[in-house]
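File shown: run.txt. Contents: compact mmCIF, C-alpha atoms.
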```txt
# COMPACT_ATOMS: atom_id res chain seq x y z
CA MET X 930 153.02 -69.07 -90.12
CA ASN X 931 154.86 -69.10 -86.78
CA LYS X 932 157.91 -67.56 -88.43
CA ILE X 933 155.74 -64.83 -89.92
CA GLY X 934 154.22 -64.23 -86.48
CA ALA X 935 157.60 -64.09 -84.73
CA ARG X 936 158.94 -61.62 -87.32
CA ALA X 937 155.83 -59.46 -86.92
CA LYS X 938 156.27 -59.38 -83.13
CA ILE X 939 159.85 -58.16 -83.48
CA ALA X 940 158.80 -55.59 -86.07
CA SER X 941 156.00 -54.40 -83.77
CA ASN X 942 158.55 -53.68 -81.05
CA ASN X 943 160.76 -51.85 -83.57
CA ILE X 944 157.99 -49.52 -84.78
CA SER X 945 157.69 -47.94 -81.34
CA ASN X 946 161.11 -46.36 -81.93
CA ILE X 947 160.26 -44.95 -85.37
CA SER X 948 159.53 -41.22 -85.42
CA ASN X 949 156.53 -39.77 -87.22
CA VAL X 950 158.95 -38.05 -89.61
CA LYS X 951 160.45 -41.39 -90.61
CA LYS X 952 157.02 -43.02 -90.89
CA ASN X 953 156.02 -40.32 -93.34
CA LEU X 954 159.26 -40.74 -95.30
CA VAL X 955 158.39 -44.43 -95.74
CA LEU X 956 154.87 -43.56 -96.90
CA LYS X 957 156.18 -40.92 -99.33
CA LYS X 958 158.63 -43.47 -100.74
CA PHE X 959 155.83 -46.03 -101.08
CA LYS X 960 153.71 -43.48 -102.93
CA LYS X 961 156.63 -42.79 -105.27
CA TYR X 962 157.16 -46.50 -105.94
CA LEU X 963 153.45 -46.94 -106.73
CA THR X 964 153.62 -44.14 -109.29
CA ILE X 965 156.80 -45.19 -111.09
CA ASN X 966 155.80 -48.86 -111.07
CA SER X 967 152.19 -48.39 -112.19
CA LYS X 968 152.69 -50.40 -115.40
CA LEU X 969 154.18 -53.30 -113.44
CA ILE X 970 151.28 -53.18 -110.95
CA LEU X 971 148.71 -53.24 -113.78
CA ARG X 972 150.55 -56.13 -115.45
CA GLU X 973 150.43 -58.18 -112.25
CA ASN X 974 146.79 -57.23 -111.75
CA GLU X 975 145.98 -58.42 -115.27
CA LYS X 976 147.29 -61.88 -114.31
CA ASP X 977 144.75 -61.98 -111.47
CA ILE X 978 141.92 -60.84 -113.74
CA THR X 979 142.81 -63.45 -116.37
CA ASN X 980 142.87 -66.21 -113.75
CA ALA X 981 139.56 -64.99 -112.31
CA LYS X 982 137.90 -65.17 -115.72
CA ILE X 983 139.27 -68.67 -116.31
CA LYS X 984 137.82 -69.73 -112.95
CA LYS X 985 134.54 -68.00 -113.91
CA ILE X 986 134.53 -65.81 -110.82
CA ASN X 987 131.47 -63.56 -110.86
CA SER X 988 131.70 -60.18 -112.56
CA ASN X 989 131.12 -58.19 -109.37
CA MET X 990 134.23 -59.67 -107.80
CA ILE X 991 136.24 -59.06 -110.97
CA ASP X 992 135.14 -55.40 -110.88
CA ARG X 993 136.42 -55.13 -107.31
CA LEU X 994 139.62 -56.91 -108.28
CA ALA X 995 140.50 -54.75 -111.28
CA LEU X 996 143.01 -51.93 -110.98
CA SER X 997 143.50 -49.02 -113.40
CA LYS X 998 145.68 -45.92 -113.63
CA GLU X 999 142.84 -43.99 -112.00
CA LYS X 1000 142.57 -46.49 -109.11
CA ILE X 1001 146.33 -46.40 -108.55
CA PHE X 1002 146.10 -42.61 -108.47
CA GLN X 1003 143.32 -42.86 -105.87
CA ILE X 1004 145.53 -45.20 -103.79
CA THR X 1005 148.32 -42.60 -103.84
CA LYS X 1006 145.84 -39.88 -102.85
CA SER X 1007 144.81 -41.96 -99.82
CA ILE X 1008 148.46 -42.27 -98.82
CA GLU X 1009 148.86 -38.49 -99.14
CA GLU X 1010 145.96 -38.03 -96.72
CA ILE X 1011 147.45 -40.49 -94.24
CA ILE X 1012 150.81 -38.66 -94.38
CA LYS X 1013 149.08 -35.38 -93.44
CA PHE X 1014 147.67 -36.81 -90.20
CA LYS X 1015 149.49 -36.31 -86.93
CA ASP X 1016 151.02 -39.36 -85.30
CA PRO X 1017 148.14 -41.06 -83.41
CA VAL X 1018 150.62 -42.72 -81.01
CA GLY X 1019 151.86 -41.11 -77.81
CA LYS X 1020 149.04 -38.57 -77.56
CA ILE X 1021 147.89 -37.59 -74.08
CA LEU X 1022 144.15 -38.24 -74.42
CA SER X 1023 143.35 -36.89 -70.97
CA SER X 1024 145.22 -35.95 -67.82
CA TRP X 1025 144.29 -35.26 -64.19
CA ASP X 1026 145.84 -34.77 -60.77
CA ARG X 1027 144.90 -36.71 -57.65
CA PRO X 1028 144.71 -35.23 -54.13
CA ASN X 1029 147.80 -37.25 -53.15
CA GLY X 1030 149.87 -35.53 -55.84
CA LEU X 1031 149.82 -38.34 -58.43
CA ILE X 1032 149.51 -37.19 -62.04
CA ILE X 1033 147.59 -39.64 -64.28
CA ASN X 1034 147.89 -39.45 -68.06
CA LYS X 1035 145.83 -41.52 -70.51
CA VAL X 1036 148.20 -42.07 -73.45
CA SER X 1037 147.53 -43.62 -76.87
CA ILE X 1038 149.58 -46.68 -77.87
CA PRO X 1039 149.55 -49.07 -80.87
CA LEU X 1040 147.43 -52.22 -80.84
CA GLY X 1041 150.50 -54.33 -81.68
CA VAL X 1042 150.38 -56.99 -84.39
CA MET X 1043 147.33 -57.06 -86.62
CA GLY X 1044 146.21 -59.97 -88.77
CA VAL X 1045 144.03 -58.81 -91.66
CA ILE X 1046 142.01 -61.28 -93.73
CA TYR X 1047 140.27 -59.86 -96.79
CA GLU X 1048 139.06 -60.51 -100.32
CA SER X 1049 139.32 -59.06 -103.82
CA ARG X 1050 140.21 -55.38 -103.59
CA PRO X 1051 143.99 -54.82 -104.00
CA ASN X 1052 143.64 -51.22 -102.77
CA VAL X 1053 142.88 -52.70 -99.34
CA THR X 1054 146.46 -54.03 -99.26
CA SER X 1055 147.85 -50.54 -99.68
CA ASP X 1056 145.36 -48.82 -97.35
CA ILE X 1057 145.83 -51.27 -94.52
CA SER X 1058 149.62 -51.36 -94.82
CA ALA X 1059 149.81 -47.56 -94.69
CA LEU X 1060 147.32 -47.15 -91.84
CA CYS X 1061 148.79 -49.89 -89.67
CA PHE X 1062 152.35 -48.64 -90.13
CA LYS X 1063 151.44 -45.01 -89.38
CA ALA X 1064 149.58 -46.15 -86.25
CA GLY X 1065 152.64 -48.11 -85.08
CA ASN X 1066 151.28 -51.60 -85.77
CA ALA X 1067 152.91 -54.48 -87.61
CA VAL X 1068 150.51 -56.25 -89.97
CA ILE X 1069 150.16 -59.74 -91.39
CA LEU X 1070 148.06 -59.62 -94.57
CA ARG X 1071 146.14 -62.56 -95.92
CA GLY X 1072 144.35 -61.42 -99.07
CA GLY X 1073 142.15 -63.52 -101.30
CA SER X 1074 143.90 -65.95 -103.64
CA GLU X 1075 142.15 -64.24 -106.57
CA ALA X 1076 144.29 -61.09 -105.95
CA LEU X 1077 147.61 -62.76 -105.11
CA HIS X 1078 149.72 -61.24 -107.91
CA SER X 1079 148.37 -57.75 -107.22
CA ASN X 1080 148.89 -58.07 -103.48
CA LYS X 1081 152.42 -59.42 -103.88
CA ILE X 1082 153.61 -56.47 -105.95
CA LEU X 1083 151.99 -53.92 -103.60
CA VAL X 1084 153.53 -55.53 -100.50
CA TYR X 1085 156.88 -55.82 -102.27
CA LEU X 1086 156.85 -52.07 -102.96
CA PHE X 1087 155.87 -51.23 -99.36
CA ARG X 1088 158.64 -53.44 -97.99
CA LYS X 1089 161.06 -51.82 -100.45
CA ALA X 1090 160.06 -48.42 -99.02
CA LEU X 1091 160.66 -49.71 -95.49
CA ILE X 1092 164.10 -51.02 -96.41
CA SER X 1093 165.04 -47.76 -98.15
CA GLU X 1094 164.39 -45.87 -94.89
CA LYS X 1095 166.19 -48.50 -92.79
CA CYS X 1096 163.00 -49.76 -91.11
CA ASN X 1097 162.17 -53.39 -90.40
CA LYS X 1098 160.66 -54.74 -93.62
CA ASN X 1099 158.52 -57.15 -91.59
CA CYS X 1100 156.32 -54.30 -90.42
CA VAL X 1101 154.26 -55.51 -93.40
CA GLN X 1102 154.08 -59.19 -94.40
CA LEU X 1103 151.88 -61.06 -96.84
CA VAL X 1104 150.84 -64.69 -96.43
CA GLU X 1105 151.48 -65.80 -100.02
CA SER X 1106 150.33 -69.41 -99.66
CA LYS X 1107 146.85 -70.14 -101.02
CA ASP X 1108 146.38 -72.91 -98.46
CA LYS X 1109 143.16 -72.08 -96.58
CA HIS X 1110 144.44 -73.96 -93.53
CA ASN X 1111 146.76 -70.99 -92.96
CA VAL X 1112 143.71 -68.85 -92.22
CA ASP X 1113 142.45 -71.37 -89.66
CA TYR X 1114 145.92 -71.50 -88.10
CA LEU X 1115 146.16 -67.71 -87.94
CA LEU X 1116 142.79 -67.50 -86.20
CA SER X 1117 143.24 -70.33 -83.72
CA LYS X 1118 146.96 -70.89 -83.08
CA MET X 1119 148.73 -67.54 -83.21
CA GLN X 1120 147.50 -65.79 -80.08
CA LYS X 1121 151.06 -65.26 -78.81
CA TYR X 1122 151.96 -63.31 -81.96
CA VAL X 1123 148.78 -61.54 -83.12
CA ASP X 1124 146.84 -59.03 -81.01
CA VAL X 1125 143.86 -58.22 -83.25
CA ILE X 1126 142.19 -59.79 -86.31
CA VAL X 1127 140.46 -57.62 -88.90
CA ALA X 1128 138.12 -59.24 -91.42
CA ARG X 1129 136.98 -57.65 -94.69
CA GLY X 1130 135.00 -59.54 -97.28
CA GLY X 1131 131.84 -61.49 -97.89
CA LYS X 1132 129.43 -62.87 -95.34
CA ASN X 1133 130.93 -66.37 -95.35
CA LEU X 1134 134.45 -65.08 -94.70
CA ILE X 1135 133.37 -62.77 -91.88
CA LYS X 1136 131.26 -65.46 -90.26
CA LYS X 1137 134.16 -67.90 -90.38
CA VAL X 1138 136.53 -65.40 -88.81
CA GLN X 1139 134.12 -64.42 -86.04
CA THR X 1140 133.33 -68.08 -85.29
CA LYS X 1141 136.85 -69.51 -85.35
CA SER X 1142 139.03 -66.70 -84.07
CA LYS X 1143 140.54 -67.01 -80.61
CA ILE X 1144 141.94 -63.51 -81.10
CA PRO X 1145 139.80 -60.35 -80.67
CA THR X 1146 138.25 -59.32 -84.01
CA ILE X 1147 137.24 -56.09 -85.71
CA GLY X 1148 134.64 -56.33 -88.44
CA HIS X 1149 131.02 -56.72 -89.36
CA LEU X 1150 129.08 -59.73 -90.53
CA GLU X 1151 126.56 -57.92 -92.74
CA GLY X 1152 125.62 -54.41 -93.75
CA ILE X 1153 121.84 -54.36 -93.55
CA CYS X 1154 121.41 -50.59 -93.81
CA HIS X 1155 118.12 -48.70 -93.68
CA VAL X 1156 116.72 -45.40 -94.88
CA TYR X 1157 113.63 -44.16 -93.00
CA ILE X 1158 111.34 -41.61 -94.70
CA ASP X 1159 109.61 -39.59 -91.99
CA LYS X 1160 106.29 -37.82 -92.62
CA LYS X 1161 108.19 -34.50 -92.52
CA ALA X 1162 110.73 -35.60 -95.15
CA ASP X 1163 111.37 -33.33 -98.13
CA LEU X 1164 110.23 -35.31 -101.17
CA ASP X 1165 112.95 -34.22 -103.62
CA MET X 1166 115.63 -34.87 -101.01
CA SER X 1167 114.12 -38.29 -100.25
CA ILE X 1168 114.13 -39.33 -103.92
CA LYS X 1169 117.74 -38.23 -104.36
CA ILE X 1170 119.08 -39.81 -101.16
CA VAL X 1171 117.25 -43.14 -101.49
CA LYS X 1172 118.45 -43.57 -105.08
CA ASN X 1173 122.05 -42.84 -104.07
CA ALA X 1174 121.91 -44.96 -100.91
CA LYS X 1175 120.74 -47.99 -102.89
CA MET X 1176 122.07 -47.60 -106.41
CA ARG X 1177 125.36 -45.65 -106.35
CA ASN X 1178 127.21 -48.90 -105.61
CA VAL X 1179 125.07 -51.92 -104.73
CA ASN X 1180 128.09 -54.06 -103.82
CA ILE X 1181 129.29 -52.18 -100.75
CA CYS X 1182 128.30 -52.74 -97.12
CA GLY X 1183 126.96 -49.18 -96.86
CA ALA X 1184 124.34 -49.71 -99.56
CA ALA X 1185 120.76 -49.39 -98.30
CA GLU X 1186 118.94 -52.73 -98.24
CA THR X 1187 115.63 -51.71 -96.63
CA LEU X 1188 113.51 -48.61 -97.10
CA LEU X 1189 111.05 -47.69 -94.35
CA ILE X 1190 108.27 -45.20 -95.12
CA ASP X 1191 106.02 -43.53 -92.54
CA LYS X 1192 102.38 -44.47 -93.20
CA ALA X 1193 101.50 -40.78 -92.79
CA CYS X 1194 103.33 -39.86 -96.01
CA LEU X 1195 102.65 -42.91 -98.18
CA LYS X 1196 100.24 -40.99 -100.46
CA THR X 1197 102.81 -38.29 -101.23
CA HIS X 1198 106.18 -40.08 -101.01
CA CYS X 1199 105.81 -43.78 -101.83
CA SER X 1200 105.21 -43.74 -105.60
CA PRO X 1201 107.71 -40.98 -106.52
CA ILE X 1202 110.53 -42.64 -104.55
CA LEU X 1203 109.81 -46.16 -105.82
CA ASN X 1204 109.36 -44.97 -109.42
CA SER X 1205 112.81 -43.36 -109.22
CA LEU X 1206 114.28 -46.66 -108.03
CA LEU X 1207 112.53 -48.65 -110.76
CA LYS X 1208 113.80 -46.27 -113.46
CA SER X 1209 117.35 -46.76 -112.21
CA GLY X 1210 117.01 -50.57 -112.53
CA CYS X 1211 116.19 -51.50 -108.95
CA SER X 1212 113.85 -54.40 -108.11
CA ILE X 1213 111.40 -53.72 -105.31
CA ILE X 1214 110.10 -56.13 -102.68
CA GLY X 1215 107.33 -54.55 -100.59
CA ASP X 1216 104.97 -55.39 -97.76
CA LYS X 1217 101.23 -55.66 -98.45
CA ILE X 1218 100.56 -51.99 -97.70
CA ILE X 1219 103.32 -50.87 -100.07
CA LYS X 1220 102.05 -53.22 -102.77
CA LYS X 1221 98.55 -51.79 -102.38
CA GLU X 1222 99.82 -48.19 -102.48
CA PHE X 1223 102.24 -48.61 -105.38
CA SER X 1224 100.59 -49.35 -108.72
CA LYS X 1225 103.56 -51.08 -110.37
CA LYS X 1226 104.16 -54.81 -110.15
CA ILE X 1227 106.39 -55.69 -107.19
CA LYS X 1228 107.11 -58.81 -105.17
CA ILE X 1229 105.56 -59.34 -101.75
CA ALA X 1230 108.13 -59.25 -98.94
CA LYS X 1231 108.67 -62.21 -96.63
CA VAL X 1232 110.03 -61.97 -93.10
CA LYS X 1233 113.50 -63.06 -94.27
CA ASP X 1234 113.69 -60.02 -96.58
CA TRP X 1235 114.01 -57.68 -93.60
CA SER X 1236 117.24 -59.43 -92.63
CA THR X 1237 118.66 -59.91 -96.14
CA GLU X 1238 121.76 -58.13 -97.43
CA TYR X 1239 121.07 -58.20 -101.18
CA LEU X 1240 124.31 -56.60 -102.45
CA SER X 1241 122.41 -56.22 -105.72
CA PRO X 1242 119.90 -53.75 -107.26
CA THR X 1243 117.11 -54.99 -104.98
CA ILE X 1244 115.51 -53.26 -102.01
CA SER X 1245 112.84 -54.28 -99.51
CA VAL X 1246 110.26 -51.62 -98.61
CA LYS X 1247 108.07 -51.51 -95.51
CA SER X 1248 105.46 -49.07 -94.19
CA VAL X 1249 105.86 -48.16 -90.52
CA ASN X 1250 103.75 -46.21 -88.05
CA GLY X 1251 106.12 -43.36 -87.18
CA VAL X 1252 109.68 -43.03 -85.94
CA ASN X 1253 109.28 -45.36 -82.95
CA ALA X 1254 108.23 -48.23 -85.23
CA ALA X 1255 111.14 -47.43 -87.57
CA ILE X 1256 113.61 -47.56 -84.68
CA GLU X 1257 112.09 -50.83 -83.44
CA HIS X 1258 112.38 -52.40 -86.91
CA ILE X 1259 115.98 -51.27 -87.39
CA ASN X 1260 117.11 -52.48 -83.97
CA LYS X 1261 115.41 -55.84 -84.58
CA TYR X 1262 116.57 -56.56 -88.15
CA GLY X 1263 119.58 -54.29 -88.63
CA THR X 1264 123.24 -55.14 -88.10
CA CYS X 1265 124.41 -52.00 -86.28
CA HIS X 1266 126.05 -50.74 -89.47
CA THR X 1267 124.57 -47.55 -90.99
CA ASP X 1268 121.02 -46.22 -90.84
CA SER X 1269 119.58 -42.93 -92.07
CA ILE X 1270 116.53 -40.78 -91.39
CA ILE X 1271 115.15 -38.22 -93.85
CA THR X 1272 113.15 -35.51 -92.06
CA LYS X 1273 112.86 -31.76 -91.50
CA ASN X 1274 111.71 -32.39 -87.92
CA LYS X 1275 114.80 -31.98 -85.69
CA LYS X 1276 113.09 -33.49 -82.66
CA VAL X 1277 112.21 -36.67 -84.57
CA ALA X 1278 115.71 -36.78 -86.05
CA LYS X 1279 117.27 -36.55 -82.59
CA LYS X 1280 115.09 -39.42 -81.32
CA PHE X 1281 116.14 -41.59 -84.28
CA LEU X 1282 119.86 -40.74 -84.04
CA THR X 1283 119.86 -41.38 -80.29
CA ASN X 1284 117.94 -44.65 -80.25
CA VAL X 1285 119.06 -46.68 -83.27
CA LYS X 1286 121.91 -49.02 -82.29
CA SER X 1287 123.86 -48.31 -85.46
CA SER X 1288 127.59 -47.63 -85.38
CA ILE X 1289 126.80 -44.87 -87.92
CA ALA X 1290 123.52 -42.93 -87.64
CA VAL X 1291 122.76 -40.43 -90.43
CA HIS X 1292 120.35 -37.50 -90.82
CA ASN X 1293 119.36 -36.27 -94.30
CA ALA X 1294 122.23 -37.97 -96.13
CA SER X 1295 123.03 -41.23 -97.92
CA THR X 1296 124.15 -44.38 -96.11
CA GLN X 1297 126.94 -44.67 -98.69
CA PHE X 1298 128.99 -42.16 -96.69
CA ALA X 1299 129.89 -45.10 -94.45
CA ASP X 1300 133.52 -44.99 -95.53
CA GLY X 1301 136.78 -43.98 -93.88
CA GLY X 1302 137.78 -41.73 -96.77
CA GLU X 1303 134.44 -39.92 -96.64
CA PHE X 1304 134.86 -39.45 -92.88
CA GLY X 1305 138.19 -37.72 -93.49
CA PHE X 1306 140.23 -40.67 -92.20
CA GLY X 1307 142.24 -40.90 -95.44
CA ALA X 1308 141.37 -44.59 -95.73
CA GLU X 1309 139.97 -47.36 -93.56
CA VAL X 1310 140.88 -50.83 -92.40
CA GLY X 1311 137.17 -51.63 -92.44
CA ILE X 1312 133.84 -50.82 -90.81
CA SER X 1313 133.31 -52.12 -87.30
CA THR X 1314 129.90 -52.93 -85.86
CA ASN X 1315 131.43 -54.06 -82.56
CA LYS X 1316 129.69 -52.78 -79.45
CA ILE X 1317 133.09 -52.00 -77.94
CA HIS X 1318 136.05 -50.08 -79.40
CA PRO X 1319 136.34 -49.45 -82.27
CA ARG X 1320 133.00 -48.68 -84.01
CA GLY X 1321 132.28 -47.39 -87.50
CA PRO X 1322 135.08 -46.68 -90.00
CA VAL X 1323 138.41 -47.89 -88.60
CA GLY X 1324 141.09 -45.32 -89.42
CA LEU X 1325 144.32 -44.22 -87.74
CA GLU X 1326 142.88 -43.20 -84.37
CA GLN X 1327 140.90 -46.44 -84.14
CA LEU X 1328 144.07 -48.51 -84.67
CA THR X 1329 145.39 -47.43 -81.29
CA THR X 1330 144.47 -48.29 -77.73
CA TYR X 1331 145.73 -46.60 -74.57
CA LYS X 1332 147.49 -47.07 -71.30
CA TYR X 1333 147.60 -45.02 -68.11
CA VAL X 1334 150.91 -43.42 -67.20
CA VAL X 1335 151.01 -42.52 -63.51
CA LYS X 1336 153.65 -40.06 -62.28
CA GLY X 1337 154.49 -39.61 -58.61
CA ASN X 1338 157.21 -38.29 -56.33
CA GLY X 1339 157.45 -41.00 -53.74
CA GLN X 1340 153.78 -41.65 -52.88
CA ILE X 1341 152.80 -44.93 -51.21
CA ARG X 1342 149.26 -46.15 -50.68
CA LYS X 1343 147.98 -46.23 -47.12
```
Please go through the file and, once you have read it, give me the structure as structure tokens.
Amino acid sequence: MNKIGARAKIASNNISNISNVKKNLVLKKFKKYLTINSKLILRENEKDITNAKIKKINSNMIDRLALSKEKIFQITKSIEEIIKFKDPVGKILSSWDRPNGLIINKVSIPLGVMGVIYESRPNVTSDISALCFKAGNAVILRGGSEALHSNKILVYLFRKALISEKCNKNCVQLVESKDKHNVDYLLSKMQKYVDVIVARGGKNLIKKVQTKSKIPTIGHLEGICHVYIDKKADLDMSIKIVKNAKMRNVNICGAAETLLIDKACLKTHCSPILNSLLKSGCSIIGDKIIKKEFSKKIKIAKVKDWSTEYLSPTISVKSVNGVNAAIEHINKYGTCHTDSIITKNKKVAKKFLTNVKSSIAVHNASTQFADGGEFGFGAEVGISTNKIHPRGPVGLEQLTTYKYVVKGNGQIRK
């Protein structure tokens, strides 16, 4: 692990001398290698799927693990988007003159060496490698053991692209050992090599990383996302958005887990929205008022349901007394991930968007837009619920920090 760290540090210093043109040549070559080696990638991925089935890993994880020609095509499309972006490094973010003649520039710089710990999805290997490299960062990848064959071939192809353009291949490295002690070592003993840790995966993984890491982390523990139906919400829009926010993909962190409905519109909105969810196969857990209002059989919610990330076709539903109560509930039980309000009242919408503590606040749209690709970032390293930089989808711009460059002509401080 120390050798990997030392190589990453050297590579990180090398990237600062790589032009944006050359970075894009590497990414174009990587895209080409993905396309011409698609059969090899799928063959390696099949080994992971076979092993996962033997180990009786749950079907949801196998779905996330599986690659296909279509998924490989989507990976290449993400790389195309990343290529189109301007270099995020070396940008003058702001500039000002001082009365003494000093010129101060705020300039974007890479974060340095990133350690990324994640599970299941092989596309994450490609996305993170491409984003980190374009943003001038070296990356140490530690994917889940269930995706080892898939990750190895993807990293091999990226390193091949680096070599072909005479760049340091250690800009991207994969920890191939399945030994879980390597993760502990990365988090607690590699501060002199690694600048930032990114965690992507299940609750247990994220909690472990946030608890044990002595290195600053980017990530979120849970995605307890809410949709609030205001009394001025359009009914058809509400039905459509709630169904999508919950059921489009129940496994992702942007899936809605709690539905809040204004008491003032229970008579008109509650049954149509919940009937739509039931028809799509969603189980409903409601408070006593919801249970009384909705004629179908549903479970009674307990306090723990308001802070539960189901990651399944289940949603908790609560009646609230207006937007202030909705905001209070979200800020108490939410995880600063993504929360949405459905309303035609712009004043109420503004109050909600201003006062929820979410890293992503949404008006009249699904919470499932919490995604770097959907934000136009090309891809994402993950979603951050940190209170400090970065927040929300972590794309190219968020993988940089800044320094101040001060230019003078002989000034001294009195």
Next item on the list: Calculate how many Å separate atom CA of Gln1003 of chain X from atom CA of Asp1056 of chain X, rounding to one decimal.
Entry: 10.6 Å
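All residues of protein, DNA or RNA that reach within 6 Å of segment 1004-1008 of chain X, judged by all atoms listed in the file and not counting those fewer than 5 positions away in the chain, are X:Lys960, X:Gly1307, X:Ala1308.
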Convert the current residue selection to file output with C-alpha atoms, as a JSON list (two decimals), keeping the file's coordinate frame.
```json
[["chain", "number", "residue", "atom", "x", "y", "z"],
["X", 960, "LYS", "CA", 153.71, -43.48, -102.93],
["X", 1307, "GLY", "CA", 142.24, -40.90, -95.44],
["X", 1308, "ALA", "CA", 141.37, -44.59, -95.73]]
```
Selection near segment 1213-1219 of chain X, 6 Å with only C-alpha atoms, sequence-local residues under 4 positions removed, as a short mmCIF file (atom, residue, chain, number, x, y, z; two decimals) with C-alpha atoms, keeping the file's coordinate frame:
```
data_model
loop_
_atom_site.label_atom_id
_atom_site.label_comp_id
_atom_site.auth_asym_id
_atom_site.auth_seq_id
_atom_site.Cartn_x
_atom_site.Cartn_y
_atom_site.Cartn_z
CA PHE X 1223 102.24 -48.61 -105.38
CA ILE X 1227 106.39 -55.69 -107.19
CA LYS X 1228 107.11 -58.81 -105.17
CA ILE X 1229 105.56 -59.34 -101.75
CA ALA X 1230 108.13 -59.25 -98.94
CA THR X 1243 117.11 -54.99 -104.98
CA ILE X 1244 115.51 -53.26 -102.01
CA SER X 1245 112.84 -54.28 -99.51
CA VAL X 1246 110.26 -51.62 -98.61
CA LYS X 1247 108.07 -51.51 -95.51
#
```
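Candidate residues X:Cys1096, X:Cys1061, X:Ile1181, X:Ile1317 were compared for distance to Pro1145 of chain X, and the nearest is X:Ile1317, using only C-alpha atoms.
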Next item on the list: Using all atoms listed in the file, determine which residues lie at most 12 Å from Leu1086 of chain X, disregarding the query and same-chain residues fewer than 2 positions distant; provide the list as a PyMOL selection string.
Entry: chain X and resi 955-967+969-970+1054-1055+1058-1059+1079-1084+1088-1093+1098+1101-1103
Margin query: Using all atoms listed in the file, can you tell me which of X:Leu994, X:Leu1115, X:Ile947, X:Val1285 comes closest to Gly1073 of chain X?
Written below: X:Leu994
Item checked: Sphere at (113.6, -41.2, -89.9), radius 8 Å, counting all atoms listed in the file: residues as a ChimeraX atom specification -> /X:1156-1159,1252,1255,1269-1272,1277-1278,1281,1292
Next item on the list: Just give me the gap between atom CA of Asn1250 of chain X and atom CA of Asp1191 of chain X in Å, one decimal is fine.
Entry: 5.7 Å
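Interatomic distance, atom CA of Val950 of chain X to atom CA of Glu1010 of chain X: 14.8 Å.
If all atoms listed in the file are the atoms counted, then among X:Ile1032, X:Leu954, X:Leu1022, X:Ile1168 the closest residue to Ser1209 of chain X is X:Ile1168.
Within the 10 Å cut-off around Ala1294 of chain X, using only C-alpha atoms and omitting residues fewer than 3 positions from it on the same chain, the listed residues are Val1156, Met1166, Ser1167, Lys1169, Ile1170, Val1171, Asn1173, Ala1174, Asp1268, Ser1269, Ile1270, Ile1271, Ala1290, Val1291, Gln1297 and Phe1298 of chain X.
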Next item on the list: Give the answer as one residue: which of X:Met930, X:Lys1220, X:Ser1037, X:Tyr1239 has the shortest atom-to-atom distance to Leu1116 of chain X, using only C-alpha atoms?
Entry: X:Met930
Notebook entry, point to check: Contacts of segment 978-993 of chain X at 7 Å or less, counting all atoms listed in the file, minus same-chain residues fewer than 2 places along, as a VMD selection string?
Noted result: chain X and resid 974 to 976 995 1049 to 1050 1075
Which polymer residues, protein or nucleic acid, are no farther than 7 Å from (158.8, -46.6, -85.8), counting all atoms listed in the file, as an mmCIF file with C-alpha atoms, keeping the file's coordinate frame?
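out-v2.cif, written as the output of this step:
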```
data_model
loop_
_atom_site.group_PDB
_atom_site.id
_atom_site.type_symbol
_atom_site.label_atom_id
_atom_site.label_comp_id
_atom_site.auth_asym_id
_atom_site.auth_seq_id
_atom_site.Cartn_x
_atom_site.Cartn_y
_atom_site.Cartn_z
ATOM 1 C CA ASN X 943 160.760 -51.850 -83.570
ATOM 2 C CA ILE X 944 157.990 -49.520 -84.780
ATOM 3 C CA SER X 945 157.690 -47.940 -81.340
ATOM 4 C CA ASN X 946 161.110 -46.360 -81.930
ATOM 5 C CA ILE X 947 160.260 -44.950 -85.370
ATOM 6 C CA SER X 948 159.530 -41.220 -85.420
ATOM 7 C CA LYS X 952 157.020 -43.020 -90.890
ATOM 8 C CA GLY X 1065 152.640 -48.110 -85.080
#
```
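For the set X:Tyr1114, X:Val1310, X:Phe1014, X:Arg1027, the residue with the smallest atom-to-atom gap to Val1045 of chain X is X:Val1310, counting only C-alpha atoms.
With only C-alpha atoms as the atoms that count, the residue of X:Leu1206, X:Leu1282, X:Val1232, X:Val1123 with the shortest distance to Ala937 of chain X is X:Val1123.
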Any chance you could model N, CA and C atoms for segment 1212-1217 of chain X and send them as a PDB file, in the coordinates of the input?
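Wrote it out as rebuild_17.pdb, contents follow:
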```
ATOM      1  N   SER X1212     115.020 -53.558-108.392  1.00  0.00           N
ATOM      2  CA  SER X1212     113.850 -54.400-108.110  1.00  0.00           C
ATOM      3  C   SER X1212     113.320 -54.077-106.726  1.00  0.00           C
ATOM      4  N   ILE X1213     112.009 -54.095-106.581  1.00  0.00           N
ATOM      5  CA  ILE X1213     111.400 -53.720-105.310  1.00  0.00           C
ATOM      6  C   ILE X1213     110.603 -54.873-104.726  1.00  0.00           C
ATOM      7  N   ILE X1214     110.834 -55.126-103.438  1.00  0.00           N
ATOM      8  CA  ILE X1214     110.100 -56.130-102.680  1.00  0.00           C
ATOM      9  C   ILE X1214     109.385 -55.380-101.560  1.00  0.00           C
ATOM     10  N   GLY X1215     108.052 -55.370-101.558  1.00  0.00           N
ATOM     11  CA  GLY X1215     107.330 -54.550-100.590  1.00  0.00           C
ATOM     12  C   GLY X1215     106.359 -55.340 -99.737  1.00  0.00           C
ATOM     13  N   ASP X1216     105.995 -54.755 -98.583  1.00  0.00           N
ATOM     14  CA  ASP X1216     104.970 -55.390 -97.760  1.00  0.00           C
ATOM     15  C   ASP X1216     103.599 -55.157 -98.407  1.00  0.00           C
ATOM     16  N   LYS X1217     102.564 -55.718 -97.832  1.00  0.00           N
ATOM     17  CA  LYS X1217     101.230 -55.660 -98.450  1.00  0.00           C
ATOM     18  C   LYS X1217     100.711 -54.230 -98.599  1.00  0.00           C
TER      19      LYS X1217
END
```
